[in-house]
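The file entry34.cif comes next; it holds mmCIF, N, CA and C atoms.
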```cif
data_coords
loop_
_atom_site.label_atom_id
_atom_site.label_comp_id
_atom_site.auth_asym_id
_atom_site.auth_seq_id
_atom_site.Cartn_x
_atom_site.Cartn_y
_atom_site.Cartn_z
N MET J 1 164.17 111.09 -139.22
CA MET J 1 163.66 111.23 -137.87
C MET J 1 162.68 112.39 -137.84
N THR J 2 161.56 112.20 -137.17
CA THR J 2 160.59 113.27 -137.03
C THR J 2 160.55 113.72 -135.58
N ILE J 3 160.31 114.98 -135.43
CA ILE J 3 160.20 115.55 -134.09
C ILE J 3 158.73 115.73 -133.78
N LYS J 4 158.31 115.13 -132.69
CA LYS J 4 156.91 115.23 -132.29
C LYS J 4 156.65 116.65 -131.77
N LEU J 5 155.64 117.28 -132.29
CA LEU J 5 155.30 118.63 -131.87
C LEU J 5 154.38 118.58 -130.66
N TYR J 6 154.69 119.38 -129.68
CA TYR J 6 153.87 119.50 -128.49
C TYR J 6 153.25 120.89 -128.47
N SER J 7 152.15 120.97 -127.83
CA SER J 7 151.47 122.26 -127.76
C SER J 7 152.08 123.11 -126.65
N LEU J 8 151.82 124.39 -126.72
CA LEU J 8 152.26 125.31 -125.69
C LEU J 8 151.65 124.93 -124.35
N LYS J 9 150.41 124.43 -124.38
CA LYS J 9 149.74 124.01 -123.15
C LYS J 9 150.51 122.88 -122.47
N ASP J 10 151.00 121.91 -123.27
CA ASP J 10 151.80 120.82 -122.71
C ASP J 10 153.09 121.35 -122.09
N ASP J 11 153.73 122.29 -122.77
CA ASP J 11 154.97 122.86 -122.24
C ASP J 11 154.72 123.63 -120.95
N GLU J 12 153.62 124.36 -120.87
CA GLU J 12 153.28 125.09 -119.64
C GLU J 12 153.03 124.12 -118.49
N LYS J 13 152.36 123.01 -118.80
CA LYS J 13 152.10 122.01 -117.76
C LYS J 13 153.41 121.39 -117.29
N ARG J 14 154.31 121.08 -118.21
CA ARG J 14 155.62 120.54 -117.82
C ARG J 14 156.37 121.53 -116.92
N ALA J 15 156.35 122.79 -117.27
CA ALA J 15 157.04 123.80 -116.46
C ALA J 15 156.46 123.85 -115.05
N LYS J 16 155.14 123.76 -114.94
CA LYS J 16 154.48 123.77 -113.63
C LYS J 16 154.87 122.53 -112.82
N ILE J 17 154.94 121.39 -113.49
CA ILE J 17 155.32 120.14 -112.82
C ILE J 17 156.76 120.24 -112.31
N PHE J 18 157.67 120.71 -113.16
CA PHE J 18 159.06 120.81 -112.74
C PHE J 18 159.26 121.82 -111.62
N LYS J 19 158.51 122.91 -111.64
CA LYS J 19 158.57 123.88 -110.54
C LYS J 19 158.10 123.24 -109.24
N ALA J 20 157.03 122.46 -109.32
CA ALA J 20 156.50 121.80 -108.12
C ALA J 20 157.49 120.78 -107.57
N LEU J 21 158.24 120.12 -108.45
CA LEU J 21 159.19 119.10 -108.00
C LEU J 21 160.57 119.67 -107.68
N ALA J 22 160.71 120.98 -107.76
CA ALA J 22 162.00 121.61 -107.50
C ALA J 22 162.25 121.83 -106.01
N GLU J 23 161.46 121.23 -105.16
CA GLU J 23 161.59 121.36 -103.71
C GLU J 23 161.74 119.95 -103.11
N VAL J 24 162.79 119.75 -102.34
CA VAL J 24 163.09 118.43 -101.78
C VAL J 24 161.94 117.88 -100.94
N LYS J 25 161.30 118.71 -100.14
CA LYS J 25 160.19 118.24 -99.29
C LYS J 25 159.03 117.73 -100.14
N ARG J 26 158.80 118.34 -101.29
CA ARG J 26 157.71 117.88 -102.15
C ARG J 26 158.04 116.52 -102.76
N ILE J 27 159.29 116.31 -103.10
CA ILE J 27 159.70 114.99 -103.60
C ILE J 27 159.53 113.96 -102.50
N GLU J 28 159.88 114.30 -101.28
CA GLU J 28 159.67 113.39 -100.14
C GLU J 28 158.19 113.07 -99.99
N MET J 29 157.35 114.07 -100.17
CA MET J 29 155.90 113.85 -100.06
C MET J 29 155.42 112.92 -101.18
N ILE J 30 155.92 113.12 -102.40
CA ILE J 30 155.56 112.24 -103.51
C ILE J 30 155.99 110.81 -103.19
N ARG J 31 157.19 110.65 -102.66
CA ARG J 31 157.68 109.32 -102.30
C ARG J 31 156.77 108.69 -101.25
N TYR J 32 156.41 109.46 -100.22
CA TYR J 32 155.53 108.94 -99.17
C TYR J 32 154.19 108.51 -99.76
N LEU J 33 153.60 109.36 -100.59
CA LEU J 33 152.30 109.03 -101.19
C LEU J 33 152.38 107.82 -102.11
N HIS J 34 153.52 107.66 -102.76
CA HIS J 34 153.70 106.51 -103.65
C HIS J 34 153.82 105.21 -102.84
N LEU J 35 154.48 105.27 -101.71
CA LEU J 35 154.71 104.07 -100.91
C LEU J 35 153.57 103.76 -99.96
N HIS J 36 152.80 104.77 -99.56
CA HIS J 36 151.70 104.60 -98.62
C HIS J 36 150.40 105.05 -99.28
N ARG J 37 149.61 104.11 -99.71
CA ARG J 37 148.40 104.43 -100.47
C ARG J 37 147.21 104.77 -99.58
N ASP J 38 147.25 104.37 -98.30
CA ASP J 38 146.11 104.58 -97.41
C ASP J 38 146.44 105.62 -96.34
N ASN J 39 145.40 106.27 -95.84
CA ASN J 39 145.51 107.19 -94.71
C ASN J 39 146.57 108.27 -94.92
N ASN J 40 146.47 108.98 -96.02
CA ASN J 40 147.43 110.02 -96.35
C ASN J 40 146.92 111.40 -95.94
N THR J 41 146.68 111.57 -94.66
CA THR J 41 146.26 112.88 -94.17
C THR J 41 147.47 113.78 -94.02
N CYS J 42 147.23 115.07 -93.91
CA CYS J 42 148.34 116.01 -93.67
C CYS J 42 149.11 115.61 -92.42
N GLY J 43 148.38 115.14 -91.41
CA GLY J 43 149.03 114.73 -90.17
C GLY J 43 149.95 113.54 -90.35
N SER J 44 149.50 112.52 -91.08
CA SER J 44 150.35 111.34 -91.28
C SER J 44 151.56 111.65 -92.15
N ILE J 45 151.36 112.49 -93.15
CA ILE J 45 152.49 112.90 -94.00
C ILE J 45 153.48 113.73 -93.18
N ALA J 46 152.95 114.67 -92.41
CA ALA J 46 153.80 115.54 -91.59
C ALA J 46 154.64 114.73 -90.61
N GLU J 47 154.01 113.77 -89.96
CA GLU J 47 154.71 112.96 -88.98
C GLU J 47 155.83 112.14 -89.63
N SER J 48 155.57 111.62 -90.81
CA SER J 48 156.55 110.75 -91.44
C SER J 48 157.76 111.50 -92.00
N ILE J 49 157.57 112.75 -92.45
CA ILE J 49 158.70 113.46 -93.04
C ILE J 49 159.18 114.65 -92.20
N GLY J 50 158.65 114.76 -90.99
CA GLY J 50 159.15 115.77 -90.06
C GLY J 50 158.79 117.20 -90.40
N MET J 51 157.55 117.44 -90.75
CA MET J 51 157.07 118.79 -91.03
C MET J 51 155.82 119.03 -90.20
N ASP J 52 155.41 120.28 -90.09
CA ASP J 52 154.13 120.52 -89.43
C ASP J 52 153.01 120.49 -90.47
N LYS J 53 151.78 120.30 -89.99
CA LYS J 53 150.63 120.11 -90.88
C LYS J 53 150.41 121.28 -91.83
N SER J 54 150.63 122.50 -91.34
CA SER J 54 150.38 123.65 -92.20
C SER J 54 151.36 123.69 -93.38
N ASN J 55 152.61 123.29 -93.15
CA ASN J 55 153.58 123.23 -94.25
C ASN J 55 153.21 122.13 -95.25
N VAL J 56 152.76 120.99 -94.74
CA VAL J 56 152.32 119.90 -95.62
C VAL J 56 151.14 120.38 -96.46
N SER J 57 150.19 121.06 -95.85
CA SER J 57 149.03 121.57 -96.58
C SER J 57 149.47 122.53 -97.69
N TYR J 58 150.42 123.39 -97.38
CA TYR J 58 150.95 124.34 -98.37
C TYR J 58 151.58 123.60 -99.55
N HIS J 59 152.43 122.62 -99.25
CA HIS J 59 153.11 121.88 -100.31
C HIS J 59 152.13 121.01 -101.11
N LEU J 60 151.13 120.45 -100.44
CA LEU J 60 150.10 119.68 -101.14
C LEU J 60 149.36 120.57 -102.15
N LYS J 61 149.12 121.81 -101.76
CA LYS J 61 148.44 122.76 -102.66
C LYS J 61 149.26 122.96 -103.94
N ILE J 62 150.56 123.11 -103.81
CA ILE J 62 151.42 123.31 -104.98
C ILE J 62 151.43 122.04 -105.85
N LEU J 63 151.51 120.88 -105.21
CA LEU J 63 151.47 119.62 -105.96
C LEU J 63 150.12 119.44 -106.64
N TYR J 64 149.06 119.86 -105.98
CA TYR J 64 147.71 119.79 -106.54
C TYR J 64 147.59 120.69 -107.77
N GLU J 65 148.10 121.91 -107.66
CA GLU J 65 148.03 122.86 -108.77
C GLU J 65 148.81 122.38 -109.99
N ALA J 66 149.83 121.53 -109.76
CA ALA J 66 150.60 120.96 -110.86
C ALA J 66 149.99 119.64 -111.35
N ASP J 67 148.85 119.27 -110.80
CA ASP J 67 148.13 118.04 -111.17
C ASP J 67 148.88 116.76 -110.78
N LEU J 68 149.75 116.85 -109.79
CA LEU J 68 150.51 115.68 -109.36
C LEU J 68 149.80 114.90 -108.27
N VAL J 69 148.92 115.56 -107.54
CA VAL J 69 148.14 114.88 -106.50
C VAL J 69 146.69 115.33 -106.58
N SER J 70 145.83 114.51 -106.04
CA SER J 70 144.45 114.93 -105.81
C SER J 70 144.30 115.08 -104.30
N VAL J 71 143.48 116.02 -103.90
CA VAL J 71 143.26 116.27 -102.48
C VAL J 71 141.77 116.16 -102.21
N ILE J 72 141.43 115.31 -101.27
CA ILE J 72 140.04 115.11 -100.90
C ILE J 72 139.87 115.56 -99.45
N ARG J 73 138.92 116.42 -99.23
CA ARG J 73 138.64 116.91 -97.89
C ARG J 73 137.62 115.99 -97.24
N ASN J 74 137.95 115.54 -96.03
CA ASN J 74 137.06 114.68 -95.25
C ASN J 74 136.91 115.34 -93.88
N GLY J 75 135.89 116.19 -93.76
CA GLY J 75 135.74 116.97 -92.54
C GLY J 75 136.87 117.98 -92.45
N GLN J 76 137.61 117.92 -91.37
CA GLN J 76 138.75 118.83 -91.20
C GLN J 76 140.03 118.28 -91.80
N ASN J 77 140.01 117.03 -92.20
CA ASN J 77 141.21 116.39 -92.74
C ASN J 77 141.27 116.53 -94.25
N LYS J 78 142.50 116.66 -94.75
CA LYS J 78 142.76 116.62 -96.18
C LYS J 78 143.54 115.34 -96.45
N MET J 79 143.08 114.59 -97.46
CA MET J 79 143.74 113.35 -97.86
C MET J 79 144.39 113.58 -99.21
N GLY J 80 145.68 113.24 -99.31
CA GLY J 80 146.40 113.39 -100.57
C GLY J 80 146.60 112.04 -101.24
N HIS J 81 146.43 112.02 -102.55
CA HIS J 81 146.64 110.82 -103.35
C HIS J 81 147.36 111.21 -104.64
N LEU J 82 148.28 110.36 -105.08
CA LEU J 82 149.00 110.64 -106.31
C LEU J 82 148.09 110.59 -107.53
N ARG J 83 148.36 111.44 -108.48
CA ARG J 83 147.70 111.39 -109.79
C ARG J 83 148.66 110.63 -110.71
N GLU J 84 148.60 109.33 -110.64
CA GLU J 84 149.53 108.50 -111.39
C GLU J 84 149.40 108.71 -112.89
N ASP J 85 148.22 109.11 -113.36
CA ASP J 85 148.05 109.38 -114.79
C ASP J 85 148.94 110.53 -115.25
N THR J 86 149.10 111.54 -114.41
CA THR J 86 149.97 112.67 -114.75
C THR J 86 151.42 112.21 -114.83
N PHE J 87 151.84 111.40 -113.85
CA PHE J 87 153.21 110.89 -113.87
C PHE J 87 153.45 110.02 -115.10
N THR J 88 152.49 109.18 -115.44
CA THR J 88 152.63 108.30 -116.60
C THR J 88 152.78 109.09 -117.89
N GLU J 89 151.99 110.15 -118.01
CA GLU J 89 152.02 110.94 -119.23
C GLU J 89 153.23 111.85 -119.34
N TYR J 90 153.57 112.54 -118.25
CA TYR J 90 154.62 113.57 -118.32
C TYR J 90 155.96 113.15 -117.74
N LEU J 91 155.96 112.19 -116.82
CA LEU J 91 157.21 111.75 -116.18
C LEU J 91 157.27 110.22 -116.09
N PRO J 92 157.20 109.53 -117.24
CA PRO J 92 157.20 108.07 -117.18
C PRO J 92 158.45 107.54 -116.48
N GLY J 93 158.27 106.62 -115.58
CA GLY J 93 159.39 106.01 -114.85
C GLY J 93 159.81 106.77 -113.61
N PHE J 94 159.30 107.98 -113.41
CA PHE J 94 159.72 108.79 -112.26
C PHE J 94 159.38 108.12 -110.94
N LEU J 95 158.18 107.63 -110.80
CA LEU J 95 157.76 107.02 -109.52
C LEU J 95 158.58 105.78 -109.20
N ASP J 96 158.98 105.03 -110.22
CA ASP J 96 159.81 103.85 -109.98
C ASP J 96 161.22 104.23 -109.55
N SER J 97 161.64 105.44 -109.85
CA SER J 97 163.00 105.87 -109.51
C SER J 97 163.12 106.42 -108.08
N ILE J 98 161.98 106.64 -107.43
CA ILE J 98 162.06 107.18 -106.08
C ILE J 98 161.73 106.09 -105.11
#
```

How does this structure look as structure tokens?
Amino acid sequence: MTIKLYSLKDDEKRAKIFKALAEVKRIEMIRYLHLHRDNNTCGSIAESIGMDKSNVSYHLKILYEADLVSVIRNGQNKMGHLREDTFTEYLPGFLDSI
């Protein structure tokens, strides 16, 4: 049996991902983004999971920094979208489990 060697950079990215997912509200946000592909503004996310927009914006920033979501600004609105490539590479099967 051989052990696949990973780089320190990969390990640092994994640590950042796990820190970002260590908050229940962020997992709820990931679930919402996974199930609702359109109109993912801070307001729509906030309304669906019972948070205010500023808290959603804060949590989106942490998810963005971990490369789990992309955030697109459209005027005053921020739109969040999952980075499914990150989930596929670092957390295969995670999205199907939520």

Selected by the PyMOL selection byres (((chain J and resi 47-53 and name CA) around 12) and name CA) in the shown coordinates: which residues, as a short mmCIF file (atom, residue, chain, number, x, y, z; two decimals) with N, CA and C atoms, in the frame of the given file?
```cif
data_model
loop_
_atom_site.label_atom_id
_atom_site.label_comp_id
_atom_site.auth_asym_id
_atom_site.auth_seq_id
_atom_site.Cartn_x
_atom_site.Cartn_y
_atom_site.Cartn_z
N VAL J 24 162.79 119.75 -102.34
CA VAL J 24 163.09 118.43 -101.78
C VAL J 24 161.94 117.88 -100.94
N LYS J 25 161.30 118.71 -100.14
CA LYS J 25 160.19 118.24 -99.29
C LYS J 25 159.03 117.73 -100.14
N ARG J 26 158.80 118.34 -101.29
CA ARG J 26 157.71 117.88 -102.15
C ARG J 26 158.04 116.52 -102.76
N ILE J 27 159.29 116.31 -103.10
CA ILE J 27 159.70 114.99 -103.60
C ILE J 27 159.53 113.96 -102.50
N GLU J 28 159.88 114.30 -101.28
CA GLU J 28 159.67 113.39 -100.14
C GLU J 28 158.19 113.07 -99.99
N MET J 29 157.35 114.07 -100.17
CA MET J 29 155.90 113.85 -100.06
C MET J 29 155.42 112.92 -101.18
N ILE J 30 155.92 113.12 -102.40
CA ILE J 30 155.56 112.24 -103.51
C ILE J 30 155.99 110.81 -103.19
N ARG J 31 157.19 110.65 -102.66
CA ARG J 31 157.68 109.32 -102.30
C ARG J 31 156.77 108.69 -101.25
N TYR J 32 156.41 109.46 -100.22
CA TYR J 32 155.53 108.94 -99.17
C TYR J 32 154.19 108.51 -99.76
N LEU J 33 153.60 109.36 -100.59
CA LEU J 33 152.30 109.03 -101.19
C LEU J 33 152.38 107.82 -102.11
N LEU J 35 154.48 105.27 -101.71
CA LEU J 35 154.71 104.07 -100.91
C LEU J 35 153.57 103.76 -99.96
N HIS J 36 152.80 104.77 -99.56
CA HIS J 36 151.70 104.60 -98.62
C HIS J 36 150.40 105.05 -99.28
N ASN J 40 146.47 108.98 -96.02
CA ASN J 40 147.43 110.02 -96.35
C ASN J 40 146.92 111.40 -95.94
N THR J 41 146.68 111.57 -94.66
CA THR J 41 146.26 112.88 -94.17
C THR J 41 147.47 113.78 -94.02
N CYS J 42 147.23 115.07 -93.91
CA CYS J 42 148.34 116.01 -93.67
C CYS J 42 149.11 115.61 -92.42
N GLY J 43 148.38 115.14 -91.41
CA GLY J 43 149.03 114.73 -90.17
C GLY J 43 149.95 113.54 -90.35
N SER J 44 149.50 112.52 -91.08
CA SER J 44 150.35 111.34 -91.28
C SER J 44 151.56 111.65 -92.15
N ILE J 45 151.36 112.49 -93.15
CA ILE J 45 152.49 112.90 -94.00
C ILE J 45 153.48 113.73 -93.18
N ALA J 46 152.95 114.67 -92.41
CA ALA J 46 153.80 115.54 -91.59
C ALA J 46 154.64 114.73 -90.61
N SER J 54 150.63 122.50 -91.34
CA SER J 54 150.38 123.65 -92.20
C SER J 54 151.36 123.69 -93.38
N ASN J 55 152.61 123.29 -93.15
CA ASN J 55 153.58 123.23 -94.25
C ASN J 55 153.21 122.13 -95.25
N VAL J 56 152.76 120.99 -94.74
CA VAL J 56 152.32 119.90 -95.62
C VAL J 56 151.14 120.38 -96.46
N SER J 57 150.19 121.06 -95.85
CA SER J 57 149.03 121.57 -96.58
C SER J 57 149.47 122.53 -97.69
N TYR J 58 150.42 123.39 -97.38
CA TYR J 58 150.95 124.34 -98.37
C TYR J 58 151.58 123.60 -99.55
N HIS J 59 152.43 122.62 -99.25
CA HIS J 59 153.11 121.88 -100.31
C HIS J 59 152.13 121.01 -101.11
N LEU J 60 151.13 120.45 -100.44
CA LEU J 60 150.10 119.68 -101.14
C LEU J 60 149.36 120.57 -102.15
N GLN J 76 137.61 117.92 -91.37
CA GLN J 76 138.75 118.83 -91.20
C GLN J 76 140.03 118.28 -91.80
N ASN J 77 140.01 117.03 -92.20
CA ASN J 77 141.21 116.39 -92.74
C ASN J 77 141.27 116.53 -94.25
N LYS J 78 142.50 116.66 -94.75
CA LYS J 78 142.76 116.62 -96.18
C LYS J 78 143.54 115.34 -96.45
N MET J 79 143.08 114.59 -97.46
CA MET J 79 143.74 113.35 -97.86
C MET J 79 144.39 113.58 -99.21
#
```

Taking the chain letters and numbering used in this document, name the residues of chain J that DSSP puts in alpha helix (DSSP H), as a compact mmCIF listing (two decimals) with N, CA and C atoms, in the frame of the given file.
```
# COMPACT_ATOMS: atom_id res chain seq x y z
N LEU J 8 151.82 124.39 -126.72
CA LEU J 8 152.26 125.31 -125.69
C LEU J 8 151.65 124.93 -124.35
N LYS J 9 150.41 124.43 -124.38
CA LYS J 9 149.74 124.01 -123.15
C LYS J 9 150.51 122.88 -122.47
N ASP J 10 151.00 121.91 -123.27
CA ASP J 10 151.80 120.82 -122.71
C ASP J 10 153.09 121.35 -122.09
N ASP J 11 153.73 122.29 -122.77
CA ASP J 11 154.97 122.86 -122.24
C ASP J 11 154.72 123.63 -120.95
N GLU J 12 153.62 124.36 -120.87
CA GLU J 12 153.28 125.09 -119.64
C GLU J 12 153.03 124.12 -118.49
N LYS J 13 152.36 123.01 -118.80
CA LYS J 13 152.10 122.01 -117.76
C LYS J 13 153.41 121.39 -117.29
N ARG J 14 154.31 121.08 -118.21
CA ARG J 14 155.62 120.54 -117.82
C ARG J 14 156.37 121.53 -116.92
N ALA J 15 156.35 122.79 -117.27
CA ALA J 15 157.04 123.80 -116.46
C ALA J 15 156.46 123.85 -115.05
N LYS J 16 155.14 123.76 -114.94
CA LYS J 16 154.48 123.77 -113.63
C LYS J 16 154.87 122.53 -112.82
N ILE J 17 154.94 121.39 -113.49
CA ILE J 17 155.32 120.14 -112.82
C ILE J 17 156.76 120.24 -112.31
N PHE J 18 157.67 120.71 -113.16
CA PHE J 18 159.06 120.81 -112.74
C PHE J 18 159.26 121.82 -111.62
N LYS J 19 158.51 122.91 -111.64
CA LYS J 19 158.57 123.88 -110.54
C LYS J 19 158.10 123.24 -109.24
N ALA J 20 157.03 122.46 -109.32
CA ALA J 20 156.50 121.80 -108.12
C ALA J 20 157.49 120.78 -107.57
N VAL J 24 162.79 119.75 -102.34
CA VAL J 24 163.09 118.43 -101.78
C VAL J 24 161.94 117.88 -100.94
N LYS J 25 161.30 118.71 -100.14
CA LYS J 25 160.19 118.24 -99.29
C LYS J 25 159.03 117.73 -100.14
N ARG J 26 158.80 118.34 -101.29
CA ARG J 26 157.71 117.88 -102.15
C ARG J 26 158.04 116.52 -102.76
N ILE J 27 159.29 116.31 -103.10
CA ILE J 27 159.70 114.99 -103.60
C ILE J 27 159.53 113.96 -102.50
N GLU J 28 159.88 114.30 -101.28
CA GLU J 28 159.67 113.39 -100.14
C GLU J 28 158.19 113.07 -99.99
N MET J 29 157.35 114.07 -100.17
CA MET J 29 155.90 113.85 -100.06
C MET J 29 155.42 112.92 -101.18
N ILE J 30 155.92 113.12 -102.40
CA ILE J 30 155.56 112.24 -103.51
C ILE J 30 155.99 110.81 -103.19
N ARG J 31 157.19 110.65 -102.66
CA ARG J 31 157.68 109.32 -102.30
C ARG J 31 156.77 108.69 -101.25
N TYR J 32 156.41 109.46 -100.22
CA TYR J 32 155.53 108.94 -99.17
C TYR J 32 154.19 108.51 -99.76
N LEU J 33 153.60 109.36 -100.59
CA LEU J 33 152.30 109.03 -101.19
C LEU J 33 152.38 107.82 -102.11
N HIS J 34 153.52 107.66 -102.76
CA HIS J 34 153.70 106.51 -103.65
C HIS J 34 153.82 105.21 -102.84
N LEU J 35 154.48 105.27 -101.71
CA LEU J 35 154.71 104.07 -100.91
C LEU J 35 153.57 103.76 -99.96
N CYS J 42 147.23 115.07 -93.91
CA CYS J 42 148.34 116.01 -93.67
C CYS J 42 149.11 115.61 -92.42
N GLY J 43 148.38 115.14 -91.41
CA GLY J 43 149.03 114.73 -90.17
C GLY J 43 149.95 113.54 -90.35
N SER J 44 149.50 112.52 -91.08
CA SER J 44 150.35 111.34 -91.28
C SER J 44 151.56 111.65 -92.15
N ILE J 45 151.36 112.49 -93.15
CA ILE J 45 152.49 112.90 -94.00
C ILE J 45 153.48 113.73 -93.18
N ALA J 46 152.95 114.67 -92.41
CA ALA J 46 153.80 115.54 -91.59
C ALA J 46 154.64 114.73 -90.61
N GLU J 47 154.01 113.77 -89.96
CA GLU J 47 154.71 112.96 -88.98
C GLU J 47 155.83 112.14 -89.63
N SER J 48 155.57 111.62 -90.81
CA SER J 48 156.55 110.75 -91.44
C SER J 48 157.76 111.50 -92.00
N ILE J 49 157.57 112.75 -92.45
CA ILE J 49 158.70 113.46 -93.04
C ILE J 49 159.18 114.65 -92.20
N LYS J 53 151.78 120.30 -89.99
CA LYS J 53 150.63 120.11 -90.88
C LYS J 53 150.41 121.28 -91.83
N SER J 54 150.63 122.50 -91.34
CA SER J 54 150.38 123.65 -92.20
C SER J 54 151.36 123.69 -93.38
N ASN J 55 152.61 123.29 -93.15
CA ASN J 55 153.58 123.23 -94.25
C ASN J 55 153.21 122.13 -95.25
N VAL J 56 152.76 120.99 -94.74
CA VAL J 56 152.32 119.90 -95.62
C VAL J 56 151.14 120.38 -96.46
N SER J 57 150.19 121.06 -95.85
CA SER J 57 149.03 121.57 -96.58
C SER J 57 149.47 122.53 -97.69
N TYR J 58 150.42 123.39 -97.38
CA TYR J 58 150.95 124.34 -98.37
C TYR J 58 151.58 123.60 -99.55
N HIS J 59 152.43 122.62 -99.25
CA HIS J 59 153.11 121.88 -100.31
C HIS J 59 152.13 121.01 -101.11
N LEU J 60 151.13 120.45 -100.44
CA LEU J 60 150.10 119.68 -101.14
C LEU J 60 149.36 120.57 -102.15
N LYS J 61 149.12 121.81 -101.76
CA LYS J 61 148.44 122.76 -102.66
C LYS J 61 149.26 122.96 -103.94
N ILE J 62 150.56 123.11 -103.81
CA ILE J 62 151.42 123.31 -104.98
C ILE J 62 151.43 122.04 -105.85
N LEU J 63 151.51 120.88 -105.21
CA LEU J 63 151.47 119.62 -105.96
C LEU J 63 150.12 119.44 -106.64
N TYR J 64 149.06 119.86 -105.98
CA TYR J 64 147.71 119.79 -106.54
C TYR J 64 147.59 120.69 -107.77
N GLU J 65 148.10 121.91 -107.66
CA GLU J 65 148.03 122.86 -108.77
C GLU J 65 148.81 122.38 -109.99
N GLU J 84 148.60 109.33 -110.64
CA GLU J 84 149.53 108.50 -111.39
C GLU J 84 149.40 108.71 -112.89
N ASP J 85 148.22 109.11 -113.36
CA ASP J 85 148.05 109.38 -114.79
C ASP J 85 148.94 110.53 -115.25
N THR J 86 149.10 111.54 -114.41
CA THR J 86 149.97 112.67 -114.75
C THR J 86 151.42 112.21 -114.83
N PHE J 87 151.84 111.40 -113.85
CA PHE J 87 153.21 110.89 -113.87
C PHE J 87 153.45 110.02 -115.10
N THR J 88 152.49 109.18 -115.44
CA THR J 88 152.63 108.30 -116.60
C THR J 88 152.78 109.09 -117.89
N GLU J 89 151.99 110.15 -118.01
CA GLU J 89 152.02 110.94 -119.23
C GLU J 89 153.23 111.85 -119.34
N TYR J 90 153.57 112.54 -118.25
CA TYR J 90 154.62 113.57 -118.32
C TYR J 90 155.96 113.15 -117.74
N PHE J 94 159.30 107.98 -113.41
CA PHE J 94 159.72 108.79 -112.26
C PHE J 94 159.38 108.12 -110.94
N LEU J 95 158.18 107.63 -110.80
CA LEU J 95 157.76 107.02 -109.52
C LEU J 95 158.58 105.78 -109.20
N ASP J 96 158.98 105.03 -110.22
CA ASP J 96 159.81 103.85 -109.98
C ASP J 96 161.22 104.23 -109.55
N SER J 97 161.64 105.44 -109.85
CA SER J 97 163.00 105.87 -109.51
C SER J 97 163.12 106.42 -108.08
```

With 3 Å added on each side, what axis-aligned box encloses every listed atom of range 40-49 of chain J? Give the centre and edge lengths in Å to one decimal, as lines of an AutoDock Vina configuration file.
```
center_x = 152.7
center_y = 112.5
center_z = -92.7
size_x = 18.9
size_y = 13.0
size_z = 13.4
```

Distance CA of Ser97 in chain J-CA of Asp11 in chain J, one decimal place? 22.7 Å

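Under the PyMOL selection byres (((chain J and resi 66-75 and name CA) around 8) and name CA), the matching residues in the shown file are J:Lys13, J:Lys16, J:Ile17, J:Ala20, J:Leu60, J:Ile62, J:Leu63, J:Tyr64, J:Glu65, J:Gln76, J:Asn77, J:Lys78, J:Met79, J:Gly80, J:His81, J:Leu82, J:Arg83, J:Glu84, J:Thr86, J:Phe87.
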
Atom C of Ala15 in chain J and atom C of Arg37 in chain J, how far apart in Å?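 Calculated distance between atom C of Arg37 in chain J and atom C of Ala15 in chain J is 26.2 Å.
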
Do you have the atom N of Ser7 in chain J-CA of His34 in chain J distance handy? 28.2 Å

Using all atoms listed in the file for the distances, tell me which of J:Lys61, J:Asp38, J:Arg14, J:Lys19 is nearest to Tyr90 in chain J. J:Arg14

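DSSP annotation of chain J from backbone atoms: strand (DSSP E or B) residues are Thr41, Val69, Ser70, Val71, Ile72, Arg73, Asn74, Asn77, Lys78, Met79, Gly80, His81 and Leu82 of chain J.
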